Amino acid sequence: MIRLEKRPSPSRFWTMLTPVLAVVLTMIAGGLMFAILGKPPVEAIRTIFWDPLFGEFAYYFAPQLLVKAGPLILIAIGLSLGFRAGIWNIGAEGQYIIGALVGGGVGLAVYPSDSPFLFPLMVIAGGLGGFAWAMIPALLRTAFRTNEILVSLLLVYVAENIMASMALGLMRNPDGAGFPGSRNFKDYPAAFNDELVTGVGMHWGVLAAFIAVIFAYILLQRHMLGFQIKLTGQSPRAAVFGGVRPARLVIFCLGISGMLAGLAGLFEVTGPSGQITTDFNQGYGFTAIIVAFLGRLHPVGILLAGLLMALTYIGGDAAQLNLGLPSSAIQAFQGMLLFFLLGVDILSNFRIRFRKREVV
Amino acid sequence: MKLKTILTGAALAVGLAGAAFAGSHGKTKVGFVYVGPVGDGGWTFEHDQGRKAVEAAFGDKVETSYIENVPEGPDAERVMTQMALKGADLIFTTSFGYMDATINVAKKFPNVKFEHATGYKRADNVGTYSARFYEGRAVQGLIAGRMTKSNTIGYIASFPIPEVVRGINSAYLHAKKVNPDVDFKVVWVFTWFDPAKEADAAKVLIEQGADVILQHTDSTAPLAAAAEAGNVIGFGQASDMAEYADGPRVSSIIDNWAPYYVARTKAVMDGTWTSDDTWDGIGAGMVKIGKMTDKIPADVQAEALALEASIASGEYKPFTGPIKKQDGSDWLAEGETADDGTLAGMDFYVEGLTGDIPN
């Protein structure tokens, strides 16, 4: 008979190994699904995981991986700090939109400009925009004890409507023949978030994501604030006795995650996306929640999880193109990844005992 | 904002172009980028019918591929690049929002031909095409004007862009012509495909007394809402949506891309492809009116068919004066017809429509 026995503390060995195990299980289950759909399973898995990195056109796809993973990592790092402290910012998507609108708006307002200070100014504005949007749920929680999950989520829909209104009105391209959407930042060099070196995919946003990973690592490992975050997550009452001021922590966690989401939005809309449209948001704010948990709320884990997520997107497109897999099969495949990861989590928290039934 | 070296840029461009060139011998490869799922029953479904027609027409000589559900933005650019790298000779990008992405990718692959639907930016290797949906809207407006009993027609509009505004104006003018008491209520949903939002909009319009629902969105949700309400009729949009023929659907406007896709693929095979701007309507068969059901009385059916025939022959243009703008100023004089330039950028309502185009 099989019995689960709770471990006194999560096993380090299994915590490291379970993500790998989850990927392997996803490959097996996904391969089965592809086989049922009548597609060659091994080739499909190879197309998704191997080709973008080592295939014929890797020189194009590997950089695209950074472009796709950059905003996911940047947002997920911010979210993970709050999640560790039990502060749930579910509305990163809204902060992403507002950051992009405020930062992009600064650039569009002074069009045409060639000032070298313009882009740094836009970055600051983007971060502040996301910060300010996150302050709404933060202050409502500290002042009126509202639930930040609901408030931040519902503010996403408000942000989406502001975005549509901006793309159709105030920020609409005056030379756009009446179509919605702002000027394209690609045609506005002083405000364009270009690749730092052509062809490597690395833009300021990706760089910011890497810096955020390092910053979060140091904060959590070496800094008093990081200790307070972890302590609050484990035992809020003990944290209060330990001198943590919960209201300040709420403002810090929501503020930093809002700021990072806002920055991600700004970098995306002035770079790879290039334009403020009625629906330029791609759901990065929501996908980042998955990335944060896939990465175990650990900065290095999030870095790897973001890259893995990006790989499934890019490889998934390739599988659609080469093998004619429907996009819903790819989404199911991505879902399996999360499912198995959470499923095998049991191995880090529990010990499996095989025992013969005792004879009475 | 960049530490770009021209050298690496040039090297990459040569690499990309070379890769594309190497793949393009033997079969002609045609790629399609779709904004929705092929099973949406509307816009994307009809584009995919066009793709299948290309396969049927050329058999072994072509190889088609598609990627569905591609968001407008950086993902679209990556997907198009992916197709070009895999050796596509011709790529159809089938949503307005792919415009800038199409132009960007086309710059990197001068030997690949691109066809962008409903846009206005062209290049040596980028052509554009669209259909004169407003011709179909004229027929639809006539039927709606004749069929309404409450004299209230609901219109689910997607985005306030010229194409949608043209459709509203055309439907309204022809409804008004046969029924001077008719009133249009327009709801803007800011999406092309969102069954939940479309259903909500339809319900709101029905509550406000509309007994005919016109839609410029792609799902069948408004028809489902009409069926639920009873005594409300609607039309198939982009696709025939014939599965609702026993219920609320009395006719439809069908986008028929197949002849165009076949012709353009043939042009690429023959080496005669050149970039141009195609805007065809009922006459060329790009817009079709779906079969009318018995819910429409015979005399109204005859009237609608006559209007369709006169548009097809070119004898009648849907925007023929006298027409005034909503603010009362003159637009077209008696007998004057609208030129394509004005139609392409239409951003005003005609006289009699209430409400504002959102801005």
# chains A, B, ... in the order shown; residues from 1 in each chain; ligands from 1

call {"tool": "closest_atom_pairs", "arguments": {"of": "chain A", "to": "chain B", "cutoff": "6 Å", "atoms": "only C-alpha atoms", "output": "JSON lines"}}
result
{"residue": "A:Leu168", "atom": "CA", "partner": "B:Asn359", "partner_atom": "CA", "distance": 5.4}
{"residue": "A:Gly169", "atom": "CA", "partner": "B:Asn359", "partner_atom": "CA", "distance": 4.8}
{"residue": "A:Phe179", "atom": "CA", "partner": "B:Ile161", "partner_atom": "CA", "distance": 5.4}
{"residue": "A:Asp194", "atom": "CA", "partner": "B:Lys2", "partner_atom": "CA", "distance": 5.9}
{"residue": "A:Leu196", "atom": "CA", "partner": "B:Lys2", "partner_atom": "CA", "distance": 4.9}
{"residue": "A:Val197", "atom": "CA", "partner": "B:Lys4", "partner_atom": "CA", "distance": 5.0}
{"residue": "A:Thr198", "atom": "CA", "partner": "B:Lys4", "partner_atom": "CA", "distance": 5.7}
{"residue": "A:Pro272", "atom": "CA", "partner": "B:Pro74", "partner_atom": "CA", "distance": 5.4}
{"residue": "A:Ser273", "atom": "CA", "partner": "B:Pro74", "partner_atom": "CA", "distance": 5.0}
{"residue": "A:Gln320", "atom": "CA", "partner": "B:Ile67", "partner_atom": "CA", "distance": 5.9}
{"residue": "A:Leu321", "atom": "CA", "partner": "B:Ile67", "partner_atom": "CA", "distance": 5.9}

call {"tool": "write_last_selection", "arguments": {"atoms": "C-alpha atoms", "output": "PDB file, in the first residue's frame"}}
result
ATOM      1  CA  LEU A 168      -9.100  55.830 -30.776  1.00  0.00           C
ATOM      2  CA  GLY A 169      -8.819  59.359 -29.482  1.00  0.00           C
ATOM      3  CA  PHE A 179      -7.677  54.019 -38.368  1.00  0.00           C
ATOM      4  CA  ASP A 194      15.521  49.212 -30.243  1.00  0.00           C
ATOM      5  CA  LEU A 196      20.875  47.020 -28.184  1.00  0.00           C
ATOM      6  CA  VAL A 197      22.788  45.058 -30.808  1.00  0.00           C
ATOM      7  CA  THR A 198      20.954  44.092 -33.973  1.00  0.00           C
ATOM      8  CA  PRO A 272       8.689  44.861 -30.217  1.00  0.00           C
ATOM      9  CA  SER A 273       5.028  45.860 -30.266  1.00  0.00           C
ATOM     10  CA  GLN A 320       1.440  24.682 -35.968  1.00  0.00           C
ATOM     11  CA  LEU A 321       3.262  25.725 -39.099  1.00  0.00           C
TER      12      LEU A 321
END

call {"tool": "select_by_dssp", "arguments": {"residues": "region 135-258 of chain B", "states": "helix (DSSP H, G or I)", "output": "ChimeraX atom specification"}}
result
/B:135-147,162-178,195-207,221-229,242-244,258

call {"tool": "residues_around", "arguments": {"residues": "Leu311 (chain A)", "least_positions_apart": "6", "cutoff": "12 Å", "atoms": "only C-alpha atoms", "output": "ChimeraX atom specification"}}
result
/A:45-54,58,61-69,304-305,317-319,330,334

call {"tool": "residues_around", "arguments": {"residues": "Ile352 (chain A)", "least_positions_apart": "4", "cutoff": "10 Å", "atoms": "only C-alpha atoms", "output": "list in words"}}
result
Ile2, Arg3, Leu4, Glu5, Lys6, Arg7, Ile346 and Leu347 of chain A

call {"tool": "write_last_selection", "arguments": {"atoms": "C-alpha atoms", "output": "mmCIF file, in the first residue's frame"}}
result
data_model
loop_
_atom_site.group_PDB
_atom_site.id
_atom_site.type_symbol
_atom_site.label_atom_id
_atom_site.label_comp_id
_atom_site.auth_asym_id
_atom_site.auth_seq_id
_atom_site.Cartn_x
_atom_site.Cartn_y
_atom_site.Cartn_z
ATOM 1 C CA ILE A 2 1.142 3.495 -0.750
ATOM 2 C CA ARG A 3 1.093 6.123 1.912
ATOM 3 C CA LEU A 4 1.939 9.826 1.881
ATOM 4 C CA GLU A 5 3.871 11.139 4.794
ATOM 5 C CA LYS A 6 4.342 14.855 5.279
ATOM 6 C CA ARG A 7 7.924 15.976 5.363
ATOM 7 C CA ILE A 346 3.553 16.649 -3.737
ATOM 8 C CA LEU A 347 6.959 14.968 -3.931
#

call {"tool": "closest_residue", "arguments": {"among": "B:His47, B:Lys291, B:Lys108, B:Lys61", "to": "Arg249 (chain B)", "atoms": "only C-alpha atoms"}}
result
B:Lys291

call {"tool": "closest_residue", "arguments": {"among": "A:Gln221, A:Asn89, A:Asn184, A:Asn322", "to": "His298 (chain A)", "atoms": "only C-alpha atoms"}}
result
A:Gln221

call {"tool": "select_by_dssp", "arguments": {"residues": "region 85-154 of chain B", "states": "strand (DSSP E)", "output": "PyMOL selection string"}}
result
chain B and resi 90-93+113-117+126-131+152-154

call {"tool": "closest_residue", "arguments": {"among": "A:Ile77, A:Met224, A:Val250, A:Met336", "to": "Leu32 (chain A)", "atoms": "only C-alpha atoms"}}
result
A:Met336

call {"tool": "atom_distance", "arguments": {"atom1": "CA of Ser252 (chain B)", "atom2": "CA of Ile289 (chain B)"}}
result
5.7 Å

call {"tool": "residues_around", "arguments": {"residues": "Gly154 (chain B)", "least_positions_apart": "3", "cutoff": "8 Å", "atoms": "only C-alpha atoms", "output": "MDAnalysis selection string"}}
result
chainID B and resid 184:187 202 205:206 210:214

call {"tool": "residues_around", "arguments": {"residues": "region 125-136 of chain B", "least_positions_apart": "3", "cutoff": "7 Å", "atoms": "only C-alpha atoms", "output": "ChimeraX atom specification"}}
result
/B:106,110,112-120,122,139-140,166-167,170,253,275-282,286-287,289,318

call {"tool": "residues_around", "arguments": {"residues": "region 185-188 of chain A", "least_positions_apart": "5", "cutoff": "8 Å", "atoms": "only C-alpha atoms", "output": "ChimeraX atom specification"}}
result
/A:112,270-271,274-275
